[in-house]
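> Questions regarding the structure given below will be posed in turn.
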Amino acid sequence: MSTEIDPVELARDLIRCPSVTPADAGALDVLQRSLERLGFTCHRLRFSAPDTPDIDNLYARIGGDGERNFCFAGHTDVVPVGDRAGWSVDPFAAELRDGQLIGRGAADMKGAIAAFVAGAARFLARCSGTLPGAISLLITGDEEGPSINGTKPMLEWLRTRGERLDACIVGEPTNPTHLGEMIKIGRRGSLTGRLVVRGVQGHTAYPQLADNPIHRLLKMLTRITEQPLDEGTAHFQPSTLQISTIDVGNPATNVIPAEARACFNIRFNDRHSGRSLERWLRDAFDSVGGTYELTVQVSGESFLTPPGPLSDLVARAVEQVLRVTPELSTTGGTSDARFIKNYCPVVEFGLAGATMHKVDERVPVADVRMLADIYAAALAGYFADEARP
Ligand SMILES: [Zn+2]
């Protein structure tokens, strides 16, 4: 059943499907066809939720039931092209130029998905029909969007079927500039706060008859920015808080407005949780006093797979192929690994992300091939090693 897969050609076929969230544009069909050729059983999982578009997803598996299951996870959706005039090529033509594969999703993360398939194909060929476990792919079409109808309900679907994942690599572009630099073993959490401070409108010449909400808003924002949140922890950099906007929209210079608003975003490490931060924010704002409204949205808690068997396995695979030792890091934004971490140990390793979400997104063709080698080496290590994660 096994057959060679060229990861670059598969990545190009995927890029040619303009799967800007929530569109699939045939990307999962392309993927499913190549996985079925290898003998994978494919399940298309369509999820819907109120106020969000329906999303198609794919779970593919090969191997016996109840065997240890090594999973590759990722997304086929991509972000919009942005400034089309800024691209030197058609973003969905998957052009090869000077050894680079250029197109939307090349780095984030169709190149890595193609490398999953090619790496698995190579390992399956080596096993010649006696796969000592199971390999699976958990691929969503909803990562760059609301992330509601994707990885999370897929994992719930797996759980209801009694399907276990034992270890997982997410193929996000984790390397800052060069393949092999960085494995992510966790991510910081993210909290967005929206603060509305209400006062009493009035004449600036008669402030005693008004209550200026801007002055209180400024004090509140000072309270939460004057001290660092922490100094960092063993595996995380210090948490950060950034004010992203302050809005009053007052066109008059002689009017004290009735209301002032601000938004801020906190990227937090494992010293905090969304709940502990909300309590801290309310205490700080209460200490200033007056009427305010705070709404808090936590898009992900911080998480960590501590350095151990899985990060060692992936680091060894990188060293074997590239002769470099990757750094273990928790930097950057959040990812779907935040859902997977509740099911099994998870690390992230993919291509170089320097051009992700930018115009002329691109990756070296050689990197896509080497990433397939690394994934194949990780599978070989996983299924060979008794002390496997
Ligand atoms: Zn991504």
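Residue numbers start at 1 in each chain; chains themselves are named A, B, ... in the order of the structure tokens; ligands are numbered from 1 in the order shown.
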Write out, as JSON lines, each residue of range 304-381 of chain A that has an atom at most 12 Å from range 69-77 of chain A, together with the closest pair of atoms and their distance in Å to one decimal, counting only C-alpha atoms, rows going by chain and rising number.


{"residue": "A:Leu310", "atom": "CA", "partner": "A:Phe70", "partner_atom": "CA", "distance": 10.8}
{"residue": "A:Ser335", "atom": "CA", "partner": "A:Gly74", "partner_atom": "CA", "distance": 9.6}
{"residue": "A:Asp336", "atom": "CA", "partner": "A:Gly74", "partner_atom": "CA", "distance": 7.9}
{"residue": "A:Ala337", "atom": "CA", "partner": "A:Ala73", "partner_atom": "CA", "distance": 8.4}
{"residue": "A:Arg338", "atom": "CA", "partner": "A:Ala73", "partner_atom": "CA", "distance": 11.8}
{"residue": "A:Phe339", "atom": "CA", "partner": "A:Ala73", "partner_atom": "CA", "distance": 11.0}
{"residue": "A:Ile340", "atom": "CA", "partner": "A:Ala73", "partner_atom": "CA", "distance": 8.9}
{"residue": "A:Lys341", "atom": "CA", "partner": "A:Ala73", "partner_atom": "CA", "distance": 11.8}
{"residue": "A:Tyr343", "atom": "CA", "partner": "A:Cys71", "partner_atom": "CA", "distance": 11.2}
{"residue": "A:Cys344", "atom": "CA", "partner": "A:Cys71", "partner_atom": "CA", "distance": 9.7}
{"residue": "A:Pro345", "atom": "CA", "partner": "A:Phe70", "partner_atom": "CA", "distance": 10.4}
{"residue": "A:Val346", "atom": "CA", "partner": "A:Cys71", "partner_atom": "CA", "distance": 9.3}
{"residue": "A:Val347", "atom": "CA", "partner": "A:Phe72", "partner_atom": "CA", "distance": 10.1}
{"residue": "A:Glu348", "atom": "CA", "partner": "A:Ala73", "partner_atom": "CA", "distance": 9.1}
{"residue": "A:Phe349", "atom": "CA", "partner": "A:Phe72", "partner_atom": "CA", "distance": 10.2}
{"residue": "A:Gly350", "atom": "CA", "partner": "A:Gly74", "partner_atom": "CA", "distance": 9.9}
{"residue": "A:His357", "atom": "CA", "partner": "A:Asp77", "partner_atom": "CA", "distance": 11.9}
{"residue": "A:Ala372", "atom": "CA", "partner": "A:Phe72", "partner_atom": "CA", "distance": 12.0}
{"residue": "A:Tyr375", "atom": "CA", "partner": "A:Phe72", "partner_atom": "CA", "distance": 9.1}
{"residue": "A:Ala376", "atom": "CA", "partner": "A:Phe72", "partner_atom": "CA", "distance": 11.4}
{"residue": "A:Ala378", "atom": "CA", "partner": "A:Phe70", "partner_atom": "CA", "distance": 9.8}
{"residue": "A:Leu379", "atom": "CA", "partner": "A:Phe70", "partner_atom": "CA", "distance": 7.7}
{"residue": "A:Ala380", "atom": "CA", "partner": "A:Phe70", "partner_atom": "CA", "distance": 10.9}
{"residue": "A:Gly381", "atom": "CA", "partner": "A:Phe70", "partner_atom": "CA", "distance": 11.3}

> Quick one: write out the picked residues with N, CA, C and O atoms as a compact mmCIF listing (two decimals), in the first residue's frame?


# COMPACT_ATOMS: atom_id res chain seq x y z
N LEU A 310 9.14 13.32 25.22
CA LEU A 310 8.68 13.76 23.90
C LEU A 310 9.58 14.85 23.33
O LEU A 310 9.96 14.80 22.16
N SER A 335 -1.60 28.38 20.44
CA SER A 335 -1.85 27.51 19.29
C SER A 335 -2.83 26.42 19.72
O SER A 335 -3.18 26.31 20.89
N ASP A 336 -3.22 25.58 18.76
CA ASP A 336 -4.16 24.50 19.08
C ASP A 336 -3.56 23.47 20.04
O ASP A 336 -4.29 22.65 20.59
N ALA A 337 -2.26 23.53 20.27
CA ALA A 337 -1.66 22.64 21.27
C ALA A 337 -2.31 22.88 22.63
O ALA A 337 -2.29 22.00 23.49
N ARG A 338 -2.91 24.05 22.81
CA ARG A 338 -3.57 24.34 24.11
C ARG A 338 -4.75 23.41 24.35
O ARG A 338 -5.12 23.19 25.50
N PHE A 339 -5.36 22.89 23.29
CA PHE A 339 -6.45 21.92 23.47
C PHE A 339 -5.89 20.51 23.62
O PHE A 339 -6.37 19.70 24.43
N ILE A 340 -4.84 20.21 22.83
CA ILE A 340 -4.30 18.84 22.80
C ILE A 340 -3.62 18.49 24.12
O ILE A 340 -3.63 17.34 24.54
N LYS A 341 -3.07 19.50 24.79
CA LYS A 341 -2.34 19.25 26.04
C LYS A 341 -3.22 18.57 27.11
O LYS A 341 -2.71 17.95 28.04
N TYR A 343 -5.02 16.07 26.50
CA TYR A 343 -5.18 14.67 26.09
C TYR A 343 -3.89 13.86 26.13
O TYR A 343 -3.90 12.68 26.42
N CYS A 344 -2.77 14.51 25.78
CA CYS A 344 -1.50 13.78 25.74
C CYS A 344 -0.35 14.78 25.71
O CYS A 344 -0.57 15.96 25.46
N PRO A 345 0.88 14.31 25.97
CA PRO A 345 2.02 15.22 25.85
C PRO A 345 2.07 15.79 24.43
O PRO A 345 1.84 15.06 23.46
N VAL A 346 2.36 17.08 24.31
CA VAL A 346 2.37 17.71 22.99
C VAL A 346 3.54 18.69 22.90
O VAL A 346 3.82 19.44 23.85
N VAL A 347 4.25 18.66 21.79
CA VAL A 347 5.25 19.68 21.49
C VAL A 347 4.98 20.17 20.08
O VAL A 347 4.23 19.53 19.31
N GLU A 348 5.56 21.31 19.75
CA GLU A 348 5.35 21.87 18.42
C GLU A 348 6.68 22.02 17.71
O GLU A 348 7.65 22.53 18.28
N PHE A 349 6.71 21.58 16.47
CA PHE A 349 7.89 21.78 15.64
C PHE A 349 7.48 21.79 14.18
O PHE A 349 6.81 20.86 13.71
N GLY A 350 7.87 22.84 13.48
CA GLY A 350 7.54 22.93 12.06
C GLY A 350 8.61 23.70 11.31
O GLY A 350 9.80 23.59 11.64
N HIS A 357 2.07 34.79 7.74
CA HIS A 357 1.05 35.85 7.74
C HIS A 357 1.50 37.09 6.96
O HIS A 357 0.80 38.10 6.96
N ALA A 372 10.32 16.63 6.54
CA ALA A 372 9.76 15.27 6.36
C ALA A 372 10.73 14.23 6.93
O ALA A 372 10.32 13.27 7.59
N TYR A 375 10.37 14.34 10.74
CA TYR A 375 9.16 13.66 11.22
C TYR A 375 9.31 12.14 11.10
O TYR A 375 8.87 11.39 11.98
N ALA A 376 9.93 11.68 10.01
CA ALA A 376 10.15 10.23 9.85
C ALA A 376 11.07 9.72 10.96
O ALA A 376 10.83 8.65 11.55
N ALA A 378 11.42 11.03 13.92
CA ALA A 378 10.68 11.06 15.19
C ALA A 378 9.82 9.81 15.32
O ALA A 378 9.76 9.19 16.40
N LEU A 379 9.17 9.42 14.23
CA LEU A 379 8.34 8.20 14.26
C LEU A 379 9.21 6.97 14.54
O LEU A 379 8.86 6.12 15.37
N ALA A 380 10.35 6.91 13.85
CA ALA A 380 11.25 5.76 14.05
C ALA A 380 11.71 5.70 15.50
O ALA A 380 11.71 4.64 16.12
N GLY A 381 12.06 6.86 16.06
CA GLY A 381 12.50 6.91 17.45
C GLY A 381 11.39 6.52 18.40
O GLY A 381 11.60 5.77 19.36

> Which neighbours of Pro307 in chain A fall inside 12 Å, counting only C-alpha atoms, when residues of the same chain fewer than 4 positions from it are skipped, and could you give them as a ChimeraX atom specification?

/A:183-186,234-235,311-315,327-330,345-347,389

> Would you mind exporting the chosen residues as a PDB file, in the first residue's frame, restricted to N, CA, C and O atoms?


ATOM      1  N   ILE A 183      12.018  24.194  19.324  1.00  0.00           N
ATOM      2  CA  ILE A 183      10.837  23.365  19.598  1.00  0.00           C
ATOM      3  C   ILE A 183      10.034  24.107  20.662  1.00  0.00           C
ATOM      4  O   ILE A 183      10.610  24.620  21.623  1.00  0.00           O
ATOM      5  N   LYS A 184       8.730  24.173  20.500  1.00  0.00           N
ATOM      6  CA  LYS A 184       7.910  24.798  21.544  1.00  0.00           C
ATOM      7  C   LYS A 184       7.342  23.693  22.439  1.00  0.00           C
ATOM      8  O   LYS A 184       6.738  22.737  21.940  1.00  0.00           O
ATOM      9  N   ILE A 185       7.558  23.872  23.728  1.00  0.00           N
ATOM     10  CA  ILE A 185       7.071  22.872  24.688  1.00  0.00           C
ATOM     11  C   ILE A 185       5.884  23.417  25.480  1.00  0.00           C
ATOM     12  O   ILE A 185       5.380  22.753  26.384  1.00  0.00           O
ATOM     13  N   GLY A 186       5.457  24.603  25.157  1.00  0.00           N
ATOM     14  CA  GLY A 186       4.307  25.200  25.832  1.00  0.00           C
ATOM     15  C   GLY A 186       4.065  26.560  25.234  1.00  0.00           C
ATOM     16  O   GLY A 186       4.796  26.992  24.330  1.00  0.00           O
ATOM     17  N   ALA A 234      10.570  29.023  35.406  1.00  0.00           N
ATOM     18  CA  ALA A 234      11.601  28.105  34.907  1.00  0.00           C
ATOM     19  C   ALA A 234      11.571  27.960  33.380  1.00  0.00           C
ATOM     20  O   ALA A 234      12.608  27.967  32.732  1.00  0.00           O
ATOM     21  N   HIS A 235      10.385  27.826  32.802  1.00  0.00           N
ATOM     22  CA  HIS A 235      10.311  27.580  31.361  1.00  0.00           C
ATOM     23  C   HIS A 235       9.629  28.704  30.601  1.00  0.00           C
ATOM     24  O   HIS A 235       9.356  28.567  29.397  1.00  0.00           O
ATOM     25  N   SER A 311       9.952  15.848  24.145  1.00  0.00           N
ATOM     26  CA  SER A 311      10.845  16.893  23.620  1.00  0.00           C
ATOM     27  C   SER A 311      12.216  16.302  23.286  1.00  0.00           C
ATOM     28  O   SER A 311      12.842  16.703  22.298  1.00  0.00           O
ATOM     29  N   ASP A 312      12.673  15.321  24.090  1.00  0.00           N
ATOM     30  CA  ASP A 312      13.943  14.646  23.774  1.00  0.00           C
ATOM     31  C   ASP A 312      13.861  13.935  22.425  1.00  0.00           C
ATOM     32  O   ASP A 312      14.778  14.001  21.615  1.00  0.00           O
ATOM     33  N   LEU A 313      12.730  13.267  22.210  1.00  0.00           N
ATOM     34  CA  LEU A 313      12.544  12.503  20.969  1.00  0.00           C
ATOM     35  C   LEU A 313      12.630  13.426  19.754  1.00  0.00           C
ATOM     36  O   LEU A 313      13.328  13.133  18.775  1.00  0.00           O
ATOM     37  N   VAL A 314      11.916  14.546  19.819  1.00  0.00           N
ATOM     38  CA  VAL A 314      11.896  15.461  18.667  1.00  0.00           C
ATOM     39  C   VAL A 314      13.262  16.133  18.520  1.00  0.00           C
ATOM     40  O   VAL A 314      13.776  16.292  17.408  1.00  0.00           O
ATOM     41  N   ALA A 315      13.873  16.514  19.640  1.00  0.00           N
ATOM     42  CA  ALA A 315      15.208  17.136  19.569  1.00  0.00           C
ATOM     43  C   ALA A 315      16.214  16.172  18.943  1.00  0.00           C
ATOM     44  O   ALA A 315      17.041  16.569  18.117  1.00  0.00           O
ATOM     45  N   GLU A 327      16.491  24.756  20.622  1.00  0.00           N
ATOM     46  CA  GLU A 327      16.146  25.334  21.926  1.00  0.00           C
ATOM     47  C   GLU A 327      14.712  24.924  22.261  1.00  0.00           C
ATOM     48  O   GLU A 327      13.865  24.842  21.369  1.00  0.00           O
ATOM     49  N   LEU A 328      14.439  24.670  23.543  1.00  0.00           N
ATOM     50  CA  LEU A 328      13.066  24.400  23.984  1.00  0.00           C
ATOM     51  C   LEU A 328      12.484  25.715  24.486  1.00  0.00           C
ATOM     52  O   LEU A 328      13.058  26.351  25.362  1.00  0.00           O
ATOM     53  N   SER A 329      11.342  26.125  23.932  1.00  0.00           N
ATOM     54  CA  SER A 329      10.851  27.470  24.205  1.00  0.00           C
ATOM     55  C   SER A 329       9.338  27.483  24.420  1.00  0.00           C
ATOM     56  O   SER A 329       8.626  26.565  24.003  1.00  0.00           O
ATOM     57  N   THR A 330       8.871  28.535  25.077  1.00  0.00           N
ATOM     58  CA  THR A 330       7.423  28.724  25.265  1.00  0.00           C
ATOM     59  C   THR A 330       6.992  30.098  24.745  1.00  0.00           C
ATOM     60  O   THR A 330       5.955  30.619  25.145  1.00  0.00           O
ATOM     61  N   PRO A 345       0.879  14.307  25.969  1.00  0.00           N
ATOM     62  CA  PRO A 345       2.023  15.222  25.849  1.00  0.00           C
ATOM     63  C   PRO A 345       2.074  15.792  24.429  1.00  0.00           C
ATOM     64  O   PRO A 345       1.841  15.064  23.457  1.00  0.00           O
ATOM     65  N   VAL A 346       2.364  17.084  24.313  1.00  0.00           N
ATOM     66  CA  VAL A 346       2.375  17.709  22.989  1.00  0.00           C
ATOM     67  C   VAL A 346       3.539  18.692  22.904  1.00  0.00           C
ATOM     68  O   VAL A 346       3.816  19.435  23.849  1.00  0.00           O
ATOM     69  N   VAL A 347       4.254  18.655  21.790  1.00  0.00           N
ATOM     70  CA  VAL A 347       5.253  19.683  21.488  1.00  0.00           C
ATOM     71  C   VAL A 347       4.979  20.171  20.079  1.00  0.00           C
ATOM     72  O   VAL A 347       4.234  19.534  19.311  1.00  0.00           O
ATOM     73  N   PRO A 389       7.852   8.373  24.916  1.00  0.00           N
ATOM     74  CA  PRO A 389       6.905   9.194  25.676  1.00  0.00           C
ATOM     75  C   PRO A 389       5.491   8.627  25.641  1.00  0.00           C
ATOM     76  O   PRO A 389       5.125   7.988  24.682  1.00  0.00           O
TER      77      PRO A 389
END

> Considering only strand (DSSP E) as DSSP defines it on the backbone, what residues of range 9-81 of chain A qualify? List them as a list in words.

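Matching residues for strand (DSSP E) in range 9-81 of chain A are Thr41, Cys42, His43, Arg44, Leu45, Arg46, Phe47, Ser48, Ala49, Thr52, Pro53, Asp54, Ile55, Asp56, Asn57, Leu58, Tyr59, Ala60, Arg61, Ile62, Gly63, Asn69, Phe70, Cys71, Phe72, Ala73, Gly74 and His75 of chain A.
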
> Could you pull out the residues sitting within 12 Å of ligand 1, using only C-alpha atoms and all ligand atoms, and write them as a ChimeraX atom specification?

/A:21,73-79,104-113,139-145,147,170-174,332-337,348-353,355-357

> Using DSSP on the backbone, list every residue of range 19-128 of chain A that comes out as alpha helix (DSSP H), and give them as a PyMOL selection string.

chain A and resi 27-37+111-127

> Using only C-alpha atoms, which residue out of A:Asn254, A:His272, A:Gly289, A:Pro146 lies closest to His215 in chain A?

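Closest residue, counting only C-alpha atoms: A:Gly289.
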
> Please compute the CA of Ala258 in chain A-CA of Val200 in chain A distance, one decimal, in Å.

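Separation between CA of Ala258 in chain A and CA of Val200 in chain A: 4.9 Å.
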
> Select, from A:Ser287, A:Ala27, A:Asp270, A:Leu45, the residue with the minimum atom-to-atom distance to Glu156 in chain A, counting only C-alpha atoms.

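Going through A:Ser287, A:Ala27, A:Asp270, A:Leu45 one by one, the smallest distance to Glu156 in chain A is for A:Leu45.
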